[in-house]
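Participant: Provided herewith: query22.txt, compact mmCIF, C-alpha atoms.
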# COMPACT_ATOMS: atom_id res chain seq x y z
CA MET H 1 0.00 0.00 0.00
CA SER H 2 1.22 3.48 -0.77
CA ALA H 3 -0.17 6.92 -0.04
CA ARG H 4 -2.33 8.62 -2.62
CA LEU H 5 -0.03 11.65 -2.60
CA ASP H 6 3.55 12.20 -1.47
CA VAL H 7 2.89 15.46 0.35
CA PHE H 8 6.60 16.11 0.86
CA ALA H 9 7.17 16.02 -2.92
CA ILE H 10 4.63 18.80 -3.51
CA PRO H 11 6.23 22.11 -2.48
CA SER H 12 3.07 23.85 -1.27
CA ALA H 13 1.79 20.73 0.51
CA SER H 14 5.16 20.12 2.15
CA LYS H 15 5.20 23.65 3.53
CA LEU H 16 1.63 23.32 4.81
CA ILE H 17 2.26 19.92 6.46
CA LYS H 18 5.45 21.13 8.13
CA GLN H 19 3.61 24.15 9.57
CA PHE H 20 0.74 21.94 10.69
CA TYR H 21 3.05 19.52 12.49
CA SER H 22 4.78 22.41 14.25
CA LEU H 23 1.46 22.88 16.10
CA GLY H 24 1.73 19.28 17.26
CA ARG H 25 5.19 19.99 18.65
CA LEU H 26 3.76 22.87 20.69
CA VAL H 27 1.27 20.49 22.30
CA VAL H 28 4.15 18.13 23.17
CA GLU H 29 5.86 21.04 24.95
CA SER H 30 2.70 21.83 26.95
CA PRO H 31 2.20 20.86 30.61
CA LEU H 32 -0.26 18.12 29.64
CA PRO H 33 1.19 14.81 30.94
CA ALA H 34 2.92 12.77 28.24
CA ALA H 35 0.94 9.61 29.07
CA THR H 36 -2.32 11.54 28.70
CA ARG H 37 -1.20 12.93 25.34
CA GLU H 38 -0.43 9.48 23.96
CA LEU H 39 -3.61 7.87 25.31
CA VAL H 40 -5.77 10.68 23.88
CA SER H 41 -3.93 10.57 20.55
CA LEU H 42 -4.40 6.82 20.38
CA ARG H 43 -8.10 6.91 21.28
CA THR H 44 -8.85 9.69 18.81
CA SER H 45 -7.03 7.76 16.09
CA GLN H 46 -8.92 4.56 16.93
CA ILE H 47 -12.26 6.34 16.57
CA ASN H 48 -11.21 7.85 13.24
CA GLY H 49 -9.67 4.62 11.91
CA CYS H 50 -6.29 6.23 11.29
CA ALA H 51 -3.88 3.29 11.12
CA VAL H 52 -0.72 5.36 10.72
CA CYS H 53 -1.52 7.41 13.85
CA ILE H 54 -2.47 4.28 15.82
CA ASP H 55 0.90 2.82 14.80
CA MET H 56 2.75 6.02 15.74
CA HIS H 57 1.13 6.65 19.11
CA THR H 58 1.23 3.02 20.20
CA LYS H 59 4.95 2.89 19.48
CA GLU H 60 5.68 6.30 21.04
CA ALA H 61 3.76 5.33 24.18
CA THR H 62 5.57 1.99 24.40
CA ALA H 63 8.95 3.69 23.96
CA ALA H 64 8.01 6.06 26.79
CA GLY H 65 7.30 3.10 29.06
CA GLU H 66 3.53 2.74 28.72
CA SER H 67 2.29 -0.78 29.47
CA ALA H 68 0.85 -3.03 26.79
CA VAL H 69 -2.18 -3.67 29.00
CA ARG H 70 -3.12 0.02 29.13
CA LEU H 71 -2.56 0.45 25.39
CA HIS H 72 -4.73 -2.57 24.58
CA LEU H 73 -7.49 -1.29 26.87
CA VAL H 74 -7.69 2.27 25.50
CA ALA H 75 -10.47 1.23 23.11
CA ALA H 76 -12.51 -0.02 26.09
CA TRP H 77 -11.35 2.51 28.70
CA ARG H 78 -14.78 2.83 30.34
CA GLU H 79 -14.69 -0.79 31.51
CA ALA H 80 -10.96 -0.82 32.32
CA THR H 81 -9.57 -0.22 35.81
CA VAL H 82 -6.06 0.73 34.69
CA PHE H 83 -6.66 4.44 34.01
CA THR H 84 -6.63 7.29 36.50
CA ASP H 85 -9.67 9.52 36.95
CA ALA H 86 -7.80 12.29 35.13
CA GLU H 87 -6.96 10.02 32.19
CA ARG H 88 -10.57 8.83 32.05
CA ALA H 89 -11.78 12.44 31.93
CA ALA H 90 -9.32 13.20 29.12
CA LEU H 91 -10.38 10.11 27.15
CA GLU H 92 -14.04 11.04 27.57
CA LEU H 93 -13.36 14.59 26.35
CA ALA H 94 -11.41 13.16 23.41
CA GLU H 95 -14.31 10.91 22.44
CA GLN H 96 -16.89 13.68 22.74
CA GLY H 97 -14.67 16.13 20.83
CA THR H 98 -14.02 13.57 18.10
CA ARG H 99 -17.65 12.53 17.77
CA ILE H 100 -18.92 16.11 17.91
CA ALA H 101 -21.21 15.63 14.92
CA ASP H 102 -22.90 12.64 16.58
CA GLY H 103 -24.37 14.66 19.43
CA ALA H 104 -26.46 17.79 19.42
CA GLY H 105 -24.85 20.70 21.23
CA GLY H 106 -21.23 19.55 21.05
CA VAL H 107 -19.35 18.47 24.19
CA PRO H 108 -21.73 18.21 27.16
CA ASP H 109 -21.03 20.44 30.15
CA GLU H 110 -20.63 17.48 32.50
CA VAL H 111 -17.86 16.05 30.29
CA TRP H 112 -16.07 19.40 30.31
CA GLU H 113 -16.50 19.72 34.08
CA ARG H 114 -14.98 16.28 34.68
CA ALA H 115 -11.94 17.27 32.64
CA ALA H 116 -11.70 20.68 34.33
CA LYS H 117 -11.64 18.94 37.71
CA HIS H 118 -8.30 17.31 36.79
CA TYR H 119 -6.59 19.79 34.49
CA ASP H 120 -5.83 23.50 34.85
CA GLU H 121 -6.70 25.98 32.09
CA GLU H 122 -3.34 25.66 30.34
CA GLN H 123 -3.61 21.87 30.33
CA LEU H 124 -7.23 22.03 29.17
CA MET H 125 -6.25 24.24 26.25
CA ALA H 126 -3.46 21.81 25.36
CA LEU H 127 -5.93 18.91 25.60
CA VAL H 128 -8.50 20.62 23.38
CA THR H 129 -5.78 21.58 20.89
CA LEU H 130 -4.45 18.02 20.89
CA ILE H 131 -7.91 16.59 20.20
CA ALA H 132 -8.47 19.04 17.33
CA PHE H 133 -4.95 18.42 16.00
CA MET H 134 -5.38 14.64 16.08
CA ASN H 135 -8.75 14.82 14.34
CA THR H 136 -7.19 16.89 11.54
CA ALA H 137 -4.12 14.64 11.27
CA ASN H 138 -6.34 11.54 11.24
CA ARG H 139 -8.51 12.94 8.47
CA LEU H 140 -5.49 13.92 6.36
CA ASN H 141 -3.93 10.49 6.78
CA VAL H 142 -7.15 8.57 6.13
CA MET H 143 -7.98 10.57 2.99
CA LEU H 144 -4.43 10.20 1.68
CA GLU H 145 -4.34 6.50 2.66
CA GLN H 146 -1.08 6.81 4.54
CA PRO H 147 0.27 3.30 5.14
CA ALA H 148 0.97 2.08 8.68
CA GLY H 149 3.47 -0.24 10.27
CA ASP H 150 6.84 1.33 9.52
CA TYR H 151 6.86 4.12 12.11
CA ARG H 152 9.90 4.30 14.40
CA PRO H 153 9.64 6.08 17.79
CA GLY H 154 11.08 9.58 17.56
CA GLN H 155 10.91 9.57 13.77
CA PHE H 156 9.41 13.06 13.53
CA LYS H 157 11.31 14.74 16.36
Could you render the structure from this file as structure tokens?
Facilitator:
Amino acid sequence: MSARLDVFAIPSASKLIKQFYSLGRLVVESPLPAATRELVSLRTSQINGCAVCIDMHTKEATAAGESAVRLHLVAAWREATVFTDAERAALELAEQGTRIADGAGGVPDEVWERAAKHYDEEQLMALVTLIAFMNTANRLNVMLEQPAGDYRPGQFK
């Protein structure tokens, strides 16, 4: 399988993608815990069916010391006992923010309030930005049919 377009071979697309991914680096530099970032990125990518991002975030999380059990249970986090209350709130916000078109009125207040109980305003902004970033990255990768499986941890650092 190969991608529909080689975005790095198209000058205007390459410039756009590089600028877009610089936003992702800003989220990495935020005070949002690294484990939360990877879990949210993975869950968002699972919902959107983005294989290349699932590959990337599973491998990055593993390289950072995340357990296989937690990574395998992200898709069923509600029934899993291995996540903290803060991580659960972040995963719930990620799901609601990713499935925004499925519910009238956007993200429910109670979902926001659960997240706000665990994260300060700077972390919340990073979390919201991460969710939006991942949804955009997922959509780009799915539309372009980016192949998965070859990612190496730290590849884009």
Participant: Can you pull out every residue within 8 Å of Val27 (chain H), counting only C-alpha atoms, but drop anything in the same chain fewer than 3 positions away, and send it as a compact mmCIF listing (two decimals) with C-alpha atoms, in the coordinates of the input?
Facilitator:
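Everything below was put into out.txt:
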# COMPACT_ATOMS: atom_id res chain seq x y z
CA LEU H 23 1.46 22.88 16.10
CA GLY H 24 1.73 19.28 17.26
CA SER H 30 2.70 21.83 26.95
CA LEU H 32 -0.26 18.12 29.64
CA ALA H 126 -3.46 21.81 25.36
CA THR H 129 -5.78 21.58 20.89
CA LEU H 130 -4.45 18.02 20.89
Participant: I want to know what sits within 9 Å of region 90-98 of chain H, based on all atoms listed in the file, with residues of the same chain fewer than 2 positions away left out; could you give that as a PyMOL selection string?
Facilitator: chain H and resi 36-37+39-41+43-44+47-48+74+77-78+85-88+100-103+106-108+111-112+114-115+118-119+127-128+130-132+134-135
Participant: Skipping near chain neighbours, those fewer than 4 positions away, what residues fall within 7 Å of region 136-150 of chain H using all atoms listed in the file, listed as an NGL selection string?
Facilitator: :H and (1-5 or 45 or 48 or 50-53 or 55 or 132)
Participant: Report, in Å with one decimal, the straight-line distance from CA of His72 (chain H) to CA of Glu121 (chain H).
Facilitator: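 Value for the CA of His72 (chain H)-CA of Glu121 (chain H) distance: 29.6 Å.
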Participant: Residues at most 12 Å from Thr62 (chain H), counting all atoms listed in the file, excluding those fewer than 3 positions away in the same chain, as a ChimeraX atom specification?
Facilitator: /H:34-35,38-39,42,54-59,65-72,152-154
Participant: I need the chosen residues saved as a tab-separated table (two decimals), in the coordinates of the input, with C-alpha atoms.
Facilitator:
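Output file again25.tsv follows:
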chain	number	residue	atom	x	y	z
H	34	ALA	CA	2.92	12.77	28.24
H	35	ALA	CA	0.94	9.61	29.07
H	38	GLU	CA	-0.43	9.48	23.96
H	39	LEU	CA	-3.61	7.87	25.31
H	42	LEU	CA	-4.40	6.82	20.38
H	54	ILE	CA	-2.47	4.28	15.82
H	55	ASP	CA	0.90	2.82	14.80
H	56	MET	CA	2.75	6.02	15.74
H	57	HIS	CA	1.13	6.65	19.11
H	58	THR	CA	1.23	3.02	20.20
H	59	LYS	CA	4.95	2.89	19.48
H	65	GLY	CA	7.30	3.10	29.06
H	66	GLU	CA	3.53	2.74	28.72
H	67	SER	CA	2.29	-0.78	29.47
H	68	ALA	CA	0.85	-3.03	26.79
H	69	VAL	CA	-2.18	-3.67	29.00
H	70	ARG	CA	-3.12	0.02	29.13
H	71	LEU	CA	-2.56	0.45	25.39
H	72	HIS	CA	-4.73	-2.57	24.58
H	152	ARG	CA	9.90	4.30	14.40
H	153	PRO	CA	9.64	6.08	17.79
H	154	GLY	CA	11.08	9.58	17.56
Participant: Between CA of Leu26 (chain H) and CA of Ala76 (chain H), what is the distance in Å, rounded to a tenth?
Facilitator: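 For CA of Leu26 (chain H) relative to CA of Ala76 (chain H), the distance reads 28.6 Å.
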Participant: How many Å separate CA of Tyr151 (chain H) from CA of Ala64 (chain H)?
Facilitator: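 Between these atoms lies a distance of 14.9 Å.
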Participant: Counting only C-alpha atoms, which of H:Lys18, H:Ala89, H:Glu60, H:Val28 gets nearest to Ala116 (chain H)?
Facilitator: H:Ala89
Participant: Once N, CA, C and O atoms are restored for region 105-116 of chain H, what would the output be as a short mmCIF file (atom, residue, chain, number, x, y, z; two decimals), in the coordinates of the input?
Facilitator:
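Okay, out-v1.cif is ready:
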data_model
loop_
_atom_site.label_atom_id
_atom_site.label_comp_id
_atom_site.auth_asym_id
_atom_site.auth_seq_id
_atom_site.Cartn_x
_atom_site.Cartn_y
_atom_site.Cartn_z
N GLY H 105 -25.37 19.80 20.20
CA GLY H 105 -24.85 20.70 21.23
C GLY H 105 -23.38 20.54 21.53
O GLY H 105 -22.86 21.19 22.43
N GLY H 106 -22.67 19.68 20.83
CA GLY H 106 -21.23 19.55 21.05
C GLY H 106 -20.89 18.76 22.30
O GLY H 106 -21.59 17.81 22.66
N VAL H 107 -19.82 19.16 22.99
CA VAL H 107 -19.35 18.47 24.19
C VAL H 107 -20.23 18.87 25.37
O VAL H 107 -20.36 20.04 25.69
N PRO H 108 -20.85 17.89 26.03
CA PRO H 108 -21.73 18.21 27.16
C PRO H 108 -20.97 18.87 28.31
O PRO H 108 -19.79 18.57 28.54
N ASP H 109 -21.65 19.74 29.03
CA ASP H 109 -21.03 20.44 30.15
C ASP H 109 -20.45 19.50 31.18
O ASP H 109 -19.37 19.75 31.72
N GLU H 110 -21.13 18.40 31.47
CA GLU H 110 -20.63 17.48 32.50
C GLU H 110 -19.32 16.82 32.08
O GLU H 110 -18.46 16.53 32.91
N VAL H 111 -19.12 16.61 30.79
CA VAL H 111 -17.86 16.05 30.29
C VAL H 111 -16.75 17.08 30.48
O VAL H 111 -15.65 16.77 30.95
N TRP H 112 -17.04 18.32 30.13
CA TRP H 112 -16.07 19.40 30.31
C TRP H 112 -15.72 19.56 31.80
O TRP H 112 -14.56 19.68 32.17
N GLU H 113 -16.72 19.54 32.63
CA GLU H 113 -16.50 19.72 34.08
C GLU H 113 -15.65 18.60 34.66
O GLU H 113 -14.81 18.86 35.53
N ARG H 114 -15.82 17.38 34.19
CA ARG H 114 -14.98 16.28 34.68
C ARG H 114 -13.52 16.51 34.28
O ARG H 114 -12.61 16.26 35.07
N ALA H 115 -13.30 16.99 33.07
CA ALA H 115 -11.94 17.27 32.64
C ALA H 115 -11.36 18.45 33.42
O ALA H 115 -10.21 18.40 33.87
N ALA H 116 -12.17 19.48 33.62
CA ALA H 116 -11.70 20.68 34.33
C ALA H 116 -11.38 20.39 35.80
O ALA H 116 -10.61 21.13 36.42
#
